[in-house]
Every structure is written in C-alpha cells, then in structure tokens.
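Containing CSV, C-alpha atoms: work_3.csv.
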```csv
chain,number,residue,atom,x,y,z
A,86,MET,CA,134.1,74.9,97.8
A,87,VAL,CA,131.3,73.5,100.0
A,88,ASP,CA,133.8,71.7,102.1
A,89,GLU,CA,135.9,74.8,102.4
A,90,ILE,CA,132.9,76.8,103.5
A,91,ARG,CA,132.0,74.2,106.1
A,92,ARG,CA,135.6,74.1,107.4
A,93,LEU,CA,135.8,77.9,107.6
A,94,SER,CA,132.4,78.1,109.3
A,95,ASP,CA,133.6,75.6,111.9
A,96,GLU,CA,136.8,77.6,112.4
A,97,LEU,CA,134.9,80.8,112.8
A,98,ALA,CA,132.6,79.2,115.3
A,99,SER,CA,135.5,78.0,117.4
A,100,ASN,CA,137.3,81.3,117.1
A,101,PRO,CA,134.8,84.1,116.5
A,102,GLY,CA,137.4,86.8,116.9
A,103,SER,CA,139.6,85.5,114.0
A,104,HIS,CA,139.8,87.1,110.5
A,105,VAL,CA,138.6,83.9,108.9
A,106,PHE,CA,135.2,85.6,108.3
A,107,LEU,CA,136.9,87.4,105.4
A,108,ARG,CA,137.6,84.2,103.4
A,109,LEU,CA,134.2,82.7,104.4
A,110,GLY,CA,132.2,85.8,103.4
A,111,GLU,CA,134.1,85.9,100.1
A,112,LEU,CA,133.4,82.3,99.3
A,113,LEU,CA,129.7,82.7,100.1
A,114,ARG,CA,129.6,85.8,97.9
A,115,GLN,CA,131.1,83.8,95.0
A,116,ARG,CA,128.5,81.1,95.5
A,117,ARG,CA,125.8,83.8,95.4
A,118,ALA,CA,124.7,82.9,98.9
A,119,LEU,CA,124.5,86.7,99.5
A,120,GLU,CA,122.3,86.7,102.6
A,121,ALA,CA,124.6,84.3,104.4
A,122,ALA,CA,127.6,86.3,103.1
A,123,GLU,CA,126.1,89.5,104.4
A,124,ARG,CA,125.5,88.0,107.8
A,125,VAL,CA,129.1,86.8,108.0
A,126,ALA,CA,130.4,90.2,106.9
A,127,ASN,CA,128.2,92.2,109.3
A,128,ARG,CA,129.3,90.1,112.2
A,129,GLY,CA,132.9,90.6,111.2
A,130,ARG,CA,132.5,94.3,110.9
A,131,GLU,CA,130.9,94.5,114.3
A,132,ARG,CA,133.8,92.6,115.8
A,133,HIS,CA,136.5,94.4,113.7
A,134,PRO,CA,135.3,97.9,113.0
A,135,GLY,CA,138.8,99.1,112.4
A,136,LEU,CA,139.6,96.5,109.8
A,137,ALA,CA,139.3,98.0,106.3
A,138,ALA,CA,139.0,94.5,104.6
A,139,ALA,CA,135.9,93.8,106.6
A,140,HIS,CA,134.2,96.9,105.2
A,141,ASP,CA,135.5,96.1,101.7
A,142,LEU,CA,133.9,92.6,101.9
A,143,GLY,CA,130.6,94.2,103.0
A,144,ALA,CA,130.8,96.6,100.1
A,145,ARG,CA,131.2,93.9,97.5
A,146,ILE,CA,128.4,91.9,98.9
A,147,ALA,CA,126.1,94.9,99.0
A,148,LEU,CA,127.0,95.7,95.4
A,149,ASP,CA,126.2,92.1,94.3
A,150,ARG,CA,122.8,92.5,96.1
A,151,GLY,CA,122.2,95.6,94.0
A,152,ASP,CA,122.4,98.0,96.9
A,153,SER,CA,124.9,100.6,95.7
A,154,ALA,CA,124.2,103.0,98.5
A,155,MET,CA,125.2,100.5,101.1
A,156,ALA,CA,128.2,99.5,99.1
A,157,ALA,CA,129.3,103.1,98.7
A,158,GLU,CA,128.9,103.7,102.5
A,159,ALA,CA,131.1,100.6,103.2
A,160,TRP,CA,133.8,101.7,100.8
A,161,ARG,CA,133.8,105.2,102.3
A,162,SER,CA,134.4,103.5,105.7
A,163,VAL,CA,137.4,101.7,104.0
A,164,LEU,CA,138.7,105.1,102.9
A,165,ASP,CA,138.3,106.5,106.4
A,166,LEU,CA,140.7,103.8,107.5
A,167,GLU,CA,142.9,103.4,104.5
A,168,PRO,CA,142.7,106.6,102.4
A,169,ASN,CA,144.7,105.1,99.5
A,170,ASP,CA,142.8,101.8,99.2
A,171,VAL,CA,142.7,101.0,95.5
A,172,GLY,CA,139.8,98.7,95.7
A,173,ALA,CA,137.6,101.2,97.5
A,174,HIS,CA,138.4,103.9,95.0
A,175,LYS,CA,137.7,101.5,92.2
A,176,GLY,CA,134.4,100.5,93.7
A,177,LEU,CA,133.3,104.1,94.4
A,178,GLY,CA,134.4,105.1,90.9
A,179,PHE,CA,132.3,102.3,89.4
A,180,ILE,CA,129.2,103.3,91.4
A,181,ALA,CA,129.6,107.0,90.5
A,182,TYR,CA,130.1,106.0,86.8
A,183,ARG,CA,127.0,103.9,86.8
A,184,ALA,CA,125.0,106.7,88.3
A,185,GLY,CA,126.3,109.1,85.7
A,186,ARG,CA,128.4,111.1,88.2
A,187,PHE,CA,131.4,111.1,85.9
A,188,LYS,CA,133.4,113.8,87.7
A,189,GLU,CA,133.2,111.9,91.0
A,190,ALA,CA,134.1,108.7,89.1
A,191,GLU,CA,137.2,110.3,87.6
A,192,GLU,CA,138.4,111.5,91.0
A,193,HIS,CA,138.2,108.1,92.5
A,194,LEU,CA,139.8,106.3,89.6
A,195,ALA,CA,142.6,108.9,89.5
A,196,ASN,CA,143.2,108.3,93.2
A,197,ALA,CA,143.3,104.6,92.5
A,198,ALA,CA,145.7,105.1,89.6
A,199,LYS,CA,147.9,107.2,91.8
A,200,ALA,CA,148.0,104.5,94.5
A,201,ASP,CA,148.7,101.8,91.9
A,202,PRO,CA,150.5,103.4,88.9
A,203,ASP,CA,151.4,100.0,87.4
A,204,ASP,CA,147.8,99.0,86.9
A,205,THR,CA,147.2,99.7,83.2
A,206,SER,CA,143.5,98.8,83.5
A,207,LEU,CA,143.0,101.9,85.6
A,208,THR,CA,144.4,104.0,82.9
A,209,LEU,CA,141.9,102.5,80.5
A,210,ALA,CA,139.1,103.1,82.9
A,211,LEU,CA,140.1,106.7,83.4
A,212,GLU,CA,140.1,107.2,79.6
A,213,THR,CA,136.6,105.8,79.4
A,214,VAL,CA,135.4,108.2,82.2
A,215,ARG,CA,137.2,111.2,80.7
A,216,GLN,CA,135.6,110.4,77.4
A,217,ALA,CA,132.2,110.4,79.0
A,218,LEU,CA,133.0,113.7,80.7
A,219,LYS,CA,134.0,115.1,77.4
A,220,ASP,CA,130.9,113.8,75.5
A,221,GLY,CA,128.6,114.8,78.3
A,222,ALA,CA,126.8,111.5,78.0
A,223,PRO,CA,127.2,108.0,79.4
A,224,ALA,CA,129.9,106.0,77.7
A,225,ARG,CA,130.2,102.3,77.5
A,226,PRO,CA,132.7,101.0,80.1
A,227,ALA,CA,135.6,99.4,78.4
A,228,ARG,CA,135.3,95.7,78.7
A,229,SER,CA,138.7,95.3,80.1
A,230,THR,CA,138.6,98.1,82.6
A,231,PRO,CA,138.3,97.7,86.3
A,232,MET,CA,135.2,99.9,86.4
A,233,SER,CA,133.1,96.8,86.2
A,234,THR,CA,135.5,94.8,88.3
A,235,PRO,CA,136.1,96.5,91.6
A,236,ALA,CA,136.6,93.2,93.2
A,237,VAL,CA,139.2,90.6,92.8
A,238,HIS,CA,137.8,88.3,90.0
A,239,THR,CA,138.2,88.2,86.3
A,240,ARG,CA,135.5,87.9,83.7
A,241,ARG,CA,135.0,85.4,81.0
A,242,SER,CA,134.0,86.5,77.5
A,243,SER,CA,130.7,85.2,76.1
A,244,ILE,CA,130.9,83.5,72.7
A,245,GLY,CA,129.6,85.8,70.1
A,246,VAL,CA,130.4,89.0,72.0
A,247,ALA,CA,131.2,90.7,68.8
A,248,LEU,CA,127.7,90.5,67.5
A,249,PHE,CA,126.7,93.6,69.5
A,250,SER,CA,130.2,95.1,70.1
A,251,ASP,CA,129.4,98.3,68.3
A,252,LEU,CA,125.9,98.7,69.8
A,253,ALA,CA,126.4,99.5,73.4
A,254,GLU,CA,126.2,103.3,73.5
A,255,GLY,CA,126.0,103.2,77.3
A,256,ALA,CA,124.4,99.8,77.7
A,257,GLU,CA,126.2,97.5,80.1
A,258,THR,CA,124.8,94.3,78.7
A,259,VAL,CA,123.5,93.3,75.3
A,260,LEU,CA,122.6,89.7,75.1
A,261,LEU,CA,120.9,87.3,72.7
A,262,VAL,CA,119.5,84.3,74.7
A,263,ASP,CA,117.7,81.2,73.5
A,264,LYS,CA,114.3,80.0,74.8
A,265,ASP,CA,116.0,78.2,77.7
A,266,GLY,CA,117.8,81.4,78.8
A,267,LEU,CA,121.2,80.3,77.5
A,268,VAL,CA,123.3,83.0,76.1
A,269,LEU,CA,123.9,82.8,72.4
A,270,ALA,CA,125.8,86.1,71.9
A,271,GLY,CA,126.8,89.2,73.8
A,272,ALA,CA,128.2,89.7,77.2
A,273,ALA,CA,127.3,91.1,80.7
A,274,PRO,CA,130.5,91.9,82.5
A,275,GLY,CA,128.6,92.6,85.8
A,276,VAL,CA,130.4,93.7,88.9
A,277,THR,CA,132.7,90.9,89.6
A,278,VAL,CA,132.3,88.2,87.0
A,279,ASP,CA,130.6,87.9,83.6
A,280,ARG,CA,127.1,87.3,84.7
A,281,SER,CA,125.5,87.0,81.3
A,282,ALA,CA,124.3,83.5,81.9
A,283,GLU,CA,122.7,84.4,85.1
A,284,ILE,CA,121.0,87.5,83.9
A,285,GLY,CA,119.8,85.7,80.7
A,286,ALA,CA,118.3,82.9,82.8
A,287,HIS,CA,116.5,85.2,85.2
A,288,LEU,CA,115.1,87.6,82.6
A,289,THR,CA,113.9,84.7,80.4
A,290,GLY,CA,111.4,84.0,83.2
A,291,VAL,CA,109.9,87.4,82.7
A,292,SER,CA,109.3,86.8,79.1
A,293,GLU,CA,107.7,83.4,79.8
A,294,GLU,CA,105.3,85.1,82.2
A,295,ALA,CA,104.6,87.8,79.6
A,296,ASP,CA,103.8,85.1,77.0
A,297,ARG,CA,101.4,83.5,79.5
A,298,ALA,CA,99.7,86.8,80.2
A,299,MET,CA,99.4,87.7,76.5
A,300,ARG,CA,97.5,84.5,75.8
A,301,HIS,CA,94.7,85.7,78.0
A,302,LEU,CA,94.7,89.4,77.3
A,303,ASP,CA,93.3,91.0,74.1
A,304,LEU,CA,96.5,92.9,73.3
A,305,GLY,CA,98.2,90.7,70.7
A,306,SER,CA,101.7,89.5,71.1
A,307,TRP,CA,104.2,91.4,73.3
A,308,THR,CA,106.9,93.3,71.4
A,309,ALA,CA,109.0,94.8,74.2
A,310,ILE,CA,109.4,94.8,78.0
A,311,VAL,CA,111.1,97.6,79.8
A,312,ILE,CA,112.0,97.3,83.4
A,313,GLU,CA,113.2,100.1,85.6
A,314,ALA,CA,115.1,99.6,88.8
A,315,PRO,CA,116.6,102.3,91.0
A,316,GLU,CA,120.0,102.2,89.4
A,317,MET,CA,119.5,100.0,86.3
A,318,SER,CA,117.1,99.6,83.5
A,319,ALA,CA,116.5,96.4,81.4
A,320,ALA,CA,114.7,95.8,78.2
A,321,LEU,CA,113.7,92.6,76.4
A,322,SER,CA,112.4,91.9,73.0
A,323,PRO,CA,111.4,88.6,71.3
A,324,VAL,CA,113.5,87.5,68.4
A,325,GLY,CA,111.7,84.4,67.4
A,326,ASP,CA,111.6,80.7,68.4
A,327,GLY,CA,111.5,81.8,72.0
A,328,ALA,CA,114.8,83.7,71.8
A,329,LEU,CA,115.2,87.1,73.3
A,330,THR,CA,117.4,90.2,73.0
A,331,MET,CA,118.2,91.7,76.4
A,332,ILE,CA,119.8,94.9,77.4
A,333,THR,CA,120.7,96.3,80.7
A,334,ALA,CA,122.0,99.8,81.3
A,335,PRO,CA,122.7,102.2,84.1
A,336,LYS,CA,119.9,104.5,85.1
A,337,ALA,CA,121.8,107.4,83.6
A,338,VAL,CA,121.1,106.0,80.1
A,339,PRO,CA,117.8,107.6,78.9
A,340,LEU,CA,115.0,105.1,78.3
A,341,GLY,CA,114.5,106.3,74.7
A,342,LEU,CA,118.2,105.5,74.0
A,343,LEU,CA,117.7,102.1,75.7
A,344,ARG,CA,114.8,101.4,73.4
A,345,ARG,CA,116.8,102.4,70.3
A,346,ILE,CA,119.6,100.1,71.2
A,347,LEU,CA,117.0,97.3,71.9
A,348,THR,CA,115.5,97.8,68.4
A,349,ARG,CA,118.9,97.7,66.7
A,350,ALA,CA,120.1,94.7,68.7
A,351,THR,CA,116.8,92.8,68.0
A,352,ASP,CA,117.1,93.5,64.2
A,353,ARG,CA,120.7,92.3,64.3
A,354,SER,CA,119.7,89.2,66.3
A,355,ARG,CA,117.0,88.3,63.8
A,356,ALA,CA,119.5,88.7,61.0
A,357,TRP,CA,122.0,86.5,62.9
A,358,PHE,CA,119.3,83.9,63.4
A,359,ASP,CA,118.5,84.0,59.7
A,360,GLY,CA,122.1,83.6,58.7
A,361,ASN,CA,123.7,81.5,61.4
A,362,GLY,CA,121.3,80.6,64.1
A,363,ALA,CA,119.0,77.6,64.7
B,209,MET,CA,82.2,102.1,95.2
B,210,SER,CA,84.9,104.6,96.0
B,211,THR,CA,87.9,103.8,98.1
B,212,GLN,CA,90.8,105.9,99.4
B,213,PHE,CA,92.6,104.9,96.3
B,214,THR,CA,90.0,106.0,93.8
B,215,PRO,CA,91.4,109.6,93.3
B,216,VAL,CA,94.8,108.1,92.6
B,217,LEU,CA,93.4,105.8,89.9
B,218,THR,CA,91.3,108.6,88.4
B,219,ALA,CA,94.3,110.8,88.0
B,220,VAL,CA,96.0,108.1,85.9
B,221,MET,CA,92.8,107.5,83.9
B,222,LYS,CA,92.9,111.2,82.8
B,223,GLN,CA,95.9,110.6,80.6
B,224,ARG,CA,95.1,110.2,76.9
B,225,GLY,CA,94.9,106.6,75.8
B,226,VAL,CA,94.6,105.0,79.3
B,227,THR,CA,91.8,102.5,79.1
B,228,GLY,CA,92.1,101.0,82.6
B,229,CYS,CA,93.8,101.5,85.9
B,230,LEU,CA,93.8,98.9,88.7
B,231,LEU,CA,95.3,98.6,92.2
B,232,VAL,CA,96.0,94.9,92.9
B,233,ASP,CA,97.3,92.9,95.8
B,234,GLU,CA,100.6,91.5,94.5
B,235,SER,CA,100.3,88.2,96.5
B,236,ASP,CA,97.0,87.0,95.2
B,237,GLY,CA,96.2,89.2,92.2
B,238,VAL,CA,92.9,90.4,93.7
B,239,ILE,CA,91.6,93.8,92.8
B,240,ILE,CA,91.6,96.4,95.5
B,241,ASP,CA,90.2,99.2,93.4
B,242,SER,CA,89.8,99.7,89.6
B,243,THR,CA,88.6,102.0,87.0
B,244,LEU,CA,88.1,100.2,83.7
B,245,GLN,CA,86.5,100.8,80.3
B,246,PHE,CA,83.3,98.9,79.8
B,247,GLY,CA,83.9,95.3,78.7
B,248,MET,CA,87.4,94.8,80.2
B,249,ARG,CA,87.9,91.7,82.2
B,250,GLY,CA,89.4,93.3,85.2
B,251,ASN,CA,89.8,90.2,87.4
B,252,VAL,CA,91.7,88.2,84.8
B,253,PHE,CA,93.8,91.2,83.9
B,254,ALA,CA,94.6,91.9,87.6
B,255,ALA,CA,95.7,88.4,88.3
B,256,LEU,CA,97.9,88.1,85.2
B,257,VAL,CA,99.6,91.5,85.5
B,258,ALA,CA,100.2,91.1,89.3
B,259,SER,CA,101.8,87.7,88.5
B,260,LEU,CA,103.9,89.3,85.8
B,261,TYR,CA,105.0,92.1,88.0
B,262,LYS,CA,105.8,89.7,90.8
B,263,LYS,CA,107.9,87.5,88.5
B,264,THR,CA,109.7,90.6,87.2
B,265,ARG,CA,110.5,91.9,90.6
B,266,GLN,CA,111.8,88.5,91.7
B,267,SER,CA,113.8,88.0,88.5
B,268,ILE,CA,115.4,91.5,88.6
B,269,GLY,CA,116.3,91.0,92.2
B,270,ALA,CA,117.8,87.6,91.5
B,271,ALA,CA,119.8,89.0,88.6
B,272,GLY,CA,121.4,91.4,91.1
B,273,MET,CA,119.7,94.5,89.6
B,274,GLY,CA,117.9,95.6,92.8
B,275,GLU,CA,114.2,96.3,93.2
B,276,ALA,CA,112.1,96.8,90.0
B,277,SER,CA,110.3,100.1,90.2
B,278,LEU,CA,108.4,100.1,86.9
B,279,LEU,CA,107.5,97.6,84.3
B,280,GLN,CA,106.3,98.5,80.8
B,281,LEU,CA,105.1,95.9,78.4
B,282,ASP,CA,104.4,96.8,74.8
B,283,ALA,CA,102.1,94.7,72.8
B,284,GLU,CA,100.7,94.8,69.3
B,285,ARG,CA,97.4,96.5,70.4
B,286,GLY,CA,98.3,98.3,73.6
B,287,ARG,CA,100.6,98.7,76.5
B,288,VAL,CA,100.6,97.7,80.1
B,289,PHE,CA,102.4,99.6,82.9
B,290,ALA,CA,102.9,98.3,86.4
B,291,THR,CA,104.6,99.7,89.5
B,292,GLY,CA,104.5,98.4,93.0
B,293,ARG,CA,104.9,99.4,96.6
B,294,GLU,CA,104.5,97.5,99.8
B,295,GLY,CA,102.7,94.5,98.3
B,296,LEU,CA,100.4,96.6,96.1
B,297,VAL,CA,100.7,96.8,92.3
B,298,LEU,CA,99.3,99.8,90.4
B,299,VAL,CA,98.5,98.8,86.8
B,300,ALA,CA,97.6,101.0,83.8
B,301,ILE,CA,96.5,99.7,80.5
B,302,THR,CA,96.7,101.9,77.5
B,303,ASP,CA,96.0,101.8,73.8
B,304,LEU,CA,98.7,102.7,71.3
B,305,ARG,CA,97.7,106.4,71.2
B,306,ALA,CA,98.9,107.0,74.8
B,307,ASN,CA,102.0,109.0,75.5
B,308,SER,CA,104.2,106.5,77.3
B,309,GLY,CA,106.3,109.1,78.9
B,310,LEU,CA,103.3,110.9,80.5
B,311,VAL,CA,101.7,107.7,81.7
B,312,ARG,CA,104.9,106.6,83.2
B,313,VAL,CA,105.3,109.9,85.1
B,314,GLU,CA,101.7,109.8,86.3
B,315,LEU,CA,102.1,106.2,87.5
B,316,LEU,CA,105.3,107.0,89.4
B,317,LYS,CA,103.5,109.9,91.1
B,318,ALA,CA,100.5,107.7,91.9
B,319,ARG,CA,102.9,105.1,93.3
B,320,GLU,CA,103.9,107.5,96.0
B,321,ARG,CA,100.3,107.9,97.1
B,322,ILE,CA,99.2,104.3,97.4
B,323,ALA,CA,101.1,103.1,100.4
```
Here is a file; write its structure as structure tokens.
Amino acid sequence: MVDEIRRLSDELASNPGSHVFLRLGELLRQRRALEAAERVANRGRERHPGLAAAHDLGARIALDRGDSAMAAEAWRSVLDLEPNDVGAHKGLGFIAYRAGRFKEAEEHLANAAKADPDDTSLTLALETVRQALKDGAPARPARSTPMSTPAVHTRRSSIGVALFSDLAEGAETVLLVDKDGLVLAGAAPGVTVDRSAEIGAHLTGVSEEADRAMRHLDLGSWTAIVIEAPEMSAALSPVGDGALTMITAPKAVPLGLLRRILTRATDRSRAWFDGNGA
Amino acid sequence: MSTQFTPVLTAVMKQRGVTGCLLVDESDGVIIDSTLQFGMRGNVFAALVASLYKKTRQSIGAAGMGEASLLQLDAERGRVFATGREGLVLVAITDLRANSGLVRVELLKARERIA
C-alpha cells in the first residue's frame, strides 16, 4: 500500500487536476493517516467543488476523525449535487442515529433504500431505527447493518463477540481486553471497519495512567473510569490481571445506563475469566 | 491568594462531598489555583490528574472518538472528575457521599468560565 500511495502522490503532483486524489485520500484514510488524507481531500474539493465523490471522501475522513458535524456538512454537499446518493444518505442516517435523532435517521435510510432497493442491509438498518423510534430509546445498531458502515469497507468479527451479545442496550462497543490492550472478547464495529483492536489498545493506556495515579493518591484502587466526548461516551472497569472491560456508546445513551451495562459486562468478564480465561 | 478563577473553584467546592478543586496547567501539571481540604497534597494530585486527563484526551482522540470533555474516575475511597479547555484542566476530588450528577453539572458549568 505504501508503494501505491507513493505512486499516486507522484501522479497527483504531476497532474494536480486529475481525480487520482480520490484513491490517494481513501488509501491514506485506510492507513489512518487522517491528517494527510484530509489535506488531500480538501485540495481535491477546492479543485473539484462539483464532484460529489470529493465531498464524500471528505465526509468519511471527517467521521473517522470524530468530527460528525463536518462529516454531515460534507455529505449534505454530496446531496446538493447528487440528491439520491446512497452513501451520503447512509452516512447522514448513521450520524443522526448516533445523535439520537431517529426520525432524521429513518428519513435518510429510507431515501437510501429507495435509491438502492436491492440492498437488504438497508432494510435491516431501517428496522433498527424504526424499533428505536417505537421504543423511544436508543437501540443497538444491528451488527450487519450499514448504519455503522457508511463507507465501502466490511468489518471483521472479533472472537468471543457472543460474550456480550445480549448486553449492548444502546452501546456500540463492549470489549474485554487483556493487559496489553488486545481484545479477548466483544466487538467494536466502528464506522468503516471493526476497530475493536484499536480502541482497546488506546483505552488501555488510560487505565495504565489511572493505575499510576492511584499508587500515589490516597483513594484506593480505581473501580471505573467514565469518559465523555461530544458525541460518544466510554467507560472502563478493571477485571483482574490487568484486563479491562470497555464500553463505548453514542451520547444519546444516558450515563446511568452506560454504567449499568459496564457493571454487567464486568461481572460477565470476571465469570468468563474464572471459567475460561487465563 | 485569590485569582480570577477562585470564584469558579469555590462554586464547585460548595457541592456536598467535594474535598478539593484545582485548576491545573495541562502541559506541566502545575497548579494555577486550588481550594483543598487541609492535608491534601495538591501538587502531587495536580500533576497526576493533569497527566491522566492528558492521556485520556490523547487516547480518546486516537481512538477516533473526538475530544474528551469530561473524565470521571471512581475509586474505593473517592472520585476524581476532570474537564479541560484550552490547555487548562479543572479537577474536582470528592468523597463517596458526593452526588456525581451534581458535581458533573457544576464542573461543566465551571469549564465554560475558565477560558
């Protein structure tokens, strides 16, 4: 992939007006080189403001960077140019769903389904959103729906996904990770690919820092960490032997519910460790 | 000594169970202002919590979850809350009697006043 990126960069440099930036930006995004991907996409959009694919690329990069507002703006630009663009409707539906705006999510997914009636995954996604509308509460996105995959890639399933399969209640991710941040069970579908390994590795760093702090503060051992971000919340709890249970959920999921899921997942993780684990 | 931030910290301290409130520079963990119960080691606390908050912010960002707005750490004998803005970290330490929801709301309000 590195060679391909270099080749595309050279090609773009020699012909800045070409559409090769679309492929280059996408490859950089897949490699998580998001700043570079964003620069490429922005330059492409400046040169080709009437090209829907350029805005779509910018949207997917923005979403990967955690900037839903910018992603939504870019996908709205796509719809200004291509009102029936399936990817843009999927993306906007996903963002609306994560923010708890289920009616808006339903409208976008219905538009996507209308434009691509053969895509059965859209039907599943619509069912999930309609169930959420009916329940009046956030529902767990179906793992195989496109709501968590507005882009073009598929996810892998984490081994042990079944351990928490009945626990989600609105959570996007429920993971059990070992002391090295490696996923033992659960899944994190993420936006474009299953990012459980990445999320596990990064959040383990938080627990290590908490362990360090606790050694110096007169508060005993830590029992839970809850982190709020503008559109997501995360919660961690130690399981034993350095392992952690981790949960992420859209902001629409109340913190109290997030904590309840965390407690139940942690209890289950401990039981799993006792029966199967290390 | 009072600073422009002292009223902000005092408002947080009024919540039941809050035993300390500090405003810390995120980059070096140095206290800018603090209100602490007698006996608390403010400097150590500030450095450790600033470091924890910084690590959290970086990890959450790297995990693609955007910018962390509030961190709550529950421990056996108390809780720590931290929220940041423009290189400053506002920290509250509570005992187990504190109402987490109220402390959280008060901290988020205070966060808007520290920039």
Wanna dump the chain A-chain B contacts at 8 Å for me, each residue with its shortest atom pair and the distance in Å to one decimal, counting only C-alpha atoms, ordered by chain and number, as CSV?
```
residue,atom,partner,partner_atom,distance
A:Asp149,CA,B:Gly272,CA,5.8
A:Arg150,CA,B:Gly272,CA,5.3
A:Gly151,CA,B:Gly274,CA,4.5
A:Asp152,CA,B:Gly274,CA,6.5
A:Glu283,CA,B:Ala271,CA,6.5
A:Ile284,CA,B:Ala271,CA,5.1
A:His287,CA,B:Ser267,CA,5.1
A:Leu288,CA,B:Ser267,CA,6.1
A:Gly290,CA,B:Ser267,CA,7.1
A:Val291,CA,B:Thr264,CA,5.5
A:Glu294,CA,B:Leu260,CA,5.7
A:Ala295,CA,B:Leu260,CA,6.4
A:Ala298,CA,B:Leu256,CA,5.5
A:His301,CA,B:Val252,CA,7.8
A:Leu302,CA,B:Phe253,CA,6.9
A:Asp303,CA,B:Arg285,CA,7.8
A:Leu304,CA,B:Arg285,CA,4.7
A:Gly305,CA,B:Glu284,CA,5.0
A:Ser306,CA,B:Ala283,CA,5.5
A:Trp307,CA,B:Ala283,CA,3.9
A:Thr308,CA,B:Ala283,CA,5.2
A:Ala309,CA,B:Asp282,CA,5.1
A:Ile310,CA,B:Leu281,CA,4.5
A:Val311,CA,B:Gln280,CA,5.0
A:Ile312,CA,B:Leu279,CA,4.6
A:Glu313,CA,B:Leu278,CA,5.0
A:Ala314,CA,B:Ala276,CA,4.3
A:Pro315,CA,B:Ser277,CA,6.7
A:Glu316,CA,B:Met273,CA,7.7
A:Met317,CA,B:Met273,CA,6.4
```
Would you export the selected residues with C-alpha atoms as a short mmCIF file (atom, residue, chain, number, x, y, z; two decimals), in the frame of the given file, please?
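Heads up, here's the output in selection.cif:
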```cif
data_model
loop_
_atom_site.label_atom_id
_atom_site.label_comp_id
_atom_site.auth_asym_id
_atom_site.auth_seq_id
_atom_site.Cartn_x
_atom_site.Cartn_y
_atom_site.Cartn_z
CA ASP A 149 126.20 92.10 94.30
CA ARG A 150 122.80 92.50 96.10
CA GLY A 151 122.20 95.60 94.00
CA ASP A 152 122.40 98.00 96.90
CA GLU A 283 122.70 84.40 85.10
CA ILE A 284 121.00 87.50 83.90
CA HIS A 287 116.50 85.20 85.20
CA LEU A 288 115.10 87.60 82.60
CA GLY A 290 111.40 84.00 83.20
CA VAL A 291 109.90 87.40 82.70
CA GLU A 294 105.30 85.10 82.20
CA ALA A 295 104.60 87.80 79.60
CA ALA A 298 99.70 86.80 80.20
CA HIS A 301 94.70 85.70 78.00
CA LEU A 302 94.70 89.40 77.30
CA ASP A 303 93.30 91.00 74.10
CA LEU A 304 96.50 92.90 73.30
CA GLY A 305 98.20 90.70 70.70
CA SER A 306 101.70 89.50 71.10
CA TRP A 307 104.20 91.40 73.30
CA THR A 308 106.90 93.30 71.40
CA ALA A 309 109.00 94.80 74.20
CA ILE A 310 109.40 94.80 78.00
CA VAL A 311 111.10 97.60 79.80
CA ILE A 312 112.00 97.30 83.40
CA GLU A 313 113.20 100.10 85.60
CA ALA A 314 115.10 99.60 88.80
CA PRO A 315 116.60 102.30 91.00
CA GLU A 316 120.00 102.20 89.40
CA MET A 317 119.50 100.00 86.30
#
```
Within 10 Å of (100.2, 105.9, 94.5), only C-alpha atoms: residues as a tab-separated table (two decimals) with C-alpha atoms, in the frame of the given file?
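part-v5.tsv was written with the following content:
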```tsv
chain	number	residue	atom	x	y	z
B	213	PHE	CA	92.60	104.90	96.30
B	215	PRO	CA	91.40	109.60	93.30
B	216	VAL	CA	94.80	108.10	92.60
B	217	LEU	CA	93.40	105.80	89.90
B	220	VAL	CA	96.00	108.10	85.90
B	231	LEU	CA	95.30	98.60	92.20
B	291	THR	CA	104.60	99.70	89.50
B	292	GLY	CA	104.50	98.40	93.00
B	293	ARG	CA	104.90	99.40	96.60
B	296	LEU	CA	100.40	96.60	96.10
B	297	VAL	CA	100.70	96.80	92.30
B	298	LEU	CA	99.30	99.80	90.40
B	314	GLU	CA	101.70	109.80	86.30
B	315	LEU	CA	102.10	106.20	87.50
B	316	LEU	CA	105.30	107.00	89.40
B	317	LYS	CA	103.50	109.90	91.10
B	318	ALA	CA	100.50	107.70	91.90
B	319	ARG	CA	102.90	105.10	93.30
B	320	GLU	CA	103.90	107.50	96.00
B	321	ARG	CA	100.30	107.90	97.10
B	322	ILE	CA	99.20	104.30	97.40
B	323	ALA	CA	101.10	103.10	100.40
```
Please compute the atom CA of A:Leu148-atom CA of A:Ala118 distance, one decimal, in Å.
13.5 Å
Skipping near chain neighbours, those fewer than 3 positions away, what residues fall within 7 Å of A:Ala350 using only C-alpha atoms, listed as an NGL selection string?
:A and (249 or 330 or 346-347 or 353-354)
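One distance worth recording is that between atom CA of A:Thr348 and atom CA of A:Thr258, which is 14.3 Å.
One distance worth recording is that between atom CA of A:Pro339 and atom CA of B:Gly295, which is 27.9 Å.
Distance annotation: of B:Glu294, B:Val226, B:Ile240, B:Val313, the residue with the minimal separation from B:Gln212 is B:Ile240; atom set is all atoms listed in the file.
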Can you put N, CA and C atoms back into stretch 256-267 of chain B and show it as an mmCIF file, keeping the file's coordinate frame?
```
data_model
loop_
_atom_site.group_PDB
_atom_site.id
_atom_site.type_symbol
_atom_site.label_atom_id
_atom_site.label_comp_id
_atom_site.auth_asym_id
_atom_site.auth_seq_id
_atom_site.Cartn_x
_atom_site.Cartn_y
_atom_site.Cartn_z
ATOM 1 N N LEU B 256 96.770 88.357 86.104
ATOM 2 C CA LEU B 256 97.900 88.100 85.200
ATOM 3 C C LEU B 256 98.993 89.169 85.353
ATOM 4 N N VAL B 257 98.586 90.414 85.443
ATOM 5 C CA VAL B 257 99.600 91.500 85.500
ATOM 6 C C VAL B 257 100.283 91.459 86.893
ATOM 7 N N ALA B 258 99.524 91.167 87.941
ATOM 8 C CA ALA B 258 100.200 91.100 89.300
ATOM 9 C C ALA B 258 101.200 89.949 89.256
ATOM 10 N N SER B 259 100.855 88.848 88.605
ATOM 11 C CA SER B 259 101.800 87.700 88.500
ATOM 12 C C SER B 259 103.024 88.115 87.697
ATOM 13 N N LEU B 260 102.790 88.818 86.599
ATOM 14 C CA LEU B 260 103.900 89.300 85.800
ATOM 15 C C LEU B 260 104.814 90.221 86.534
ATOM 16 N N TYR B 261 104.199 91.132 87.255
ATOM 17 C CA TYR B 261 105.000 92.100 88.000
ATOM 18 C C TYR B 261 105.799 91.392 89.115
ATOM 19 N N LYS B 262 105.146 90.461 89.767
ATOM 20 C CA LYS B 262 105.800 89.700 90.800
ATOM 21 C C LYS B 262 107.030 88.961 90.275
ATOM 22 N N LYS B 263 106.790 88.308 89.133
ATOM 23 C CA LYS B 263 107.900 87.500 88.500
ATOM 24 C C LYS B 263 109.013 88.488 88.104
ATOM 25 N N THR B 264 108.649 89.630 87.565
ATOM 26 C CA THR B 264 109.700 90.600 87.200
ATOM 27 C C THR B 264 110.483 91.060 88.346
ATOM 28 N N ARG B 265 109.786 91.383 89.425
ATOM 29 C CA ARG B 265 110.500 91.900 90.600
ATOM 30 C C ARG B 265 111.453 90.804 91.139
ATOM 31 N N GLN B 266 110.976 89.568 91.172
ATOM 32 C CA GLN B 266 111.800 88.500 91.700
ATOM 33 C C GLN B 266 113.024 88.255 90.733
ATOM 34 N N SER B 267 112.767 88.297 89.425
ATOM 35 C CA SER B 267 113.800 88.000 88.500
ATOM 36 C C SER B 267 114.894 89.117 88.481
#
```
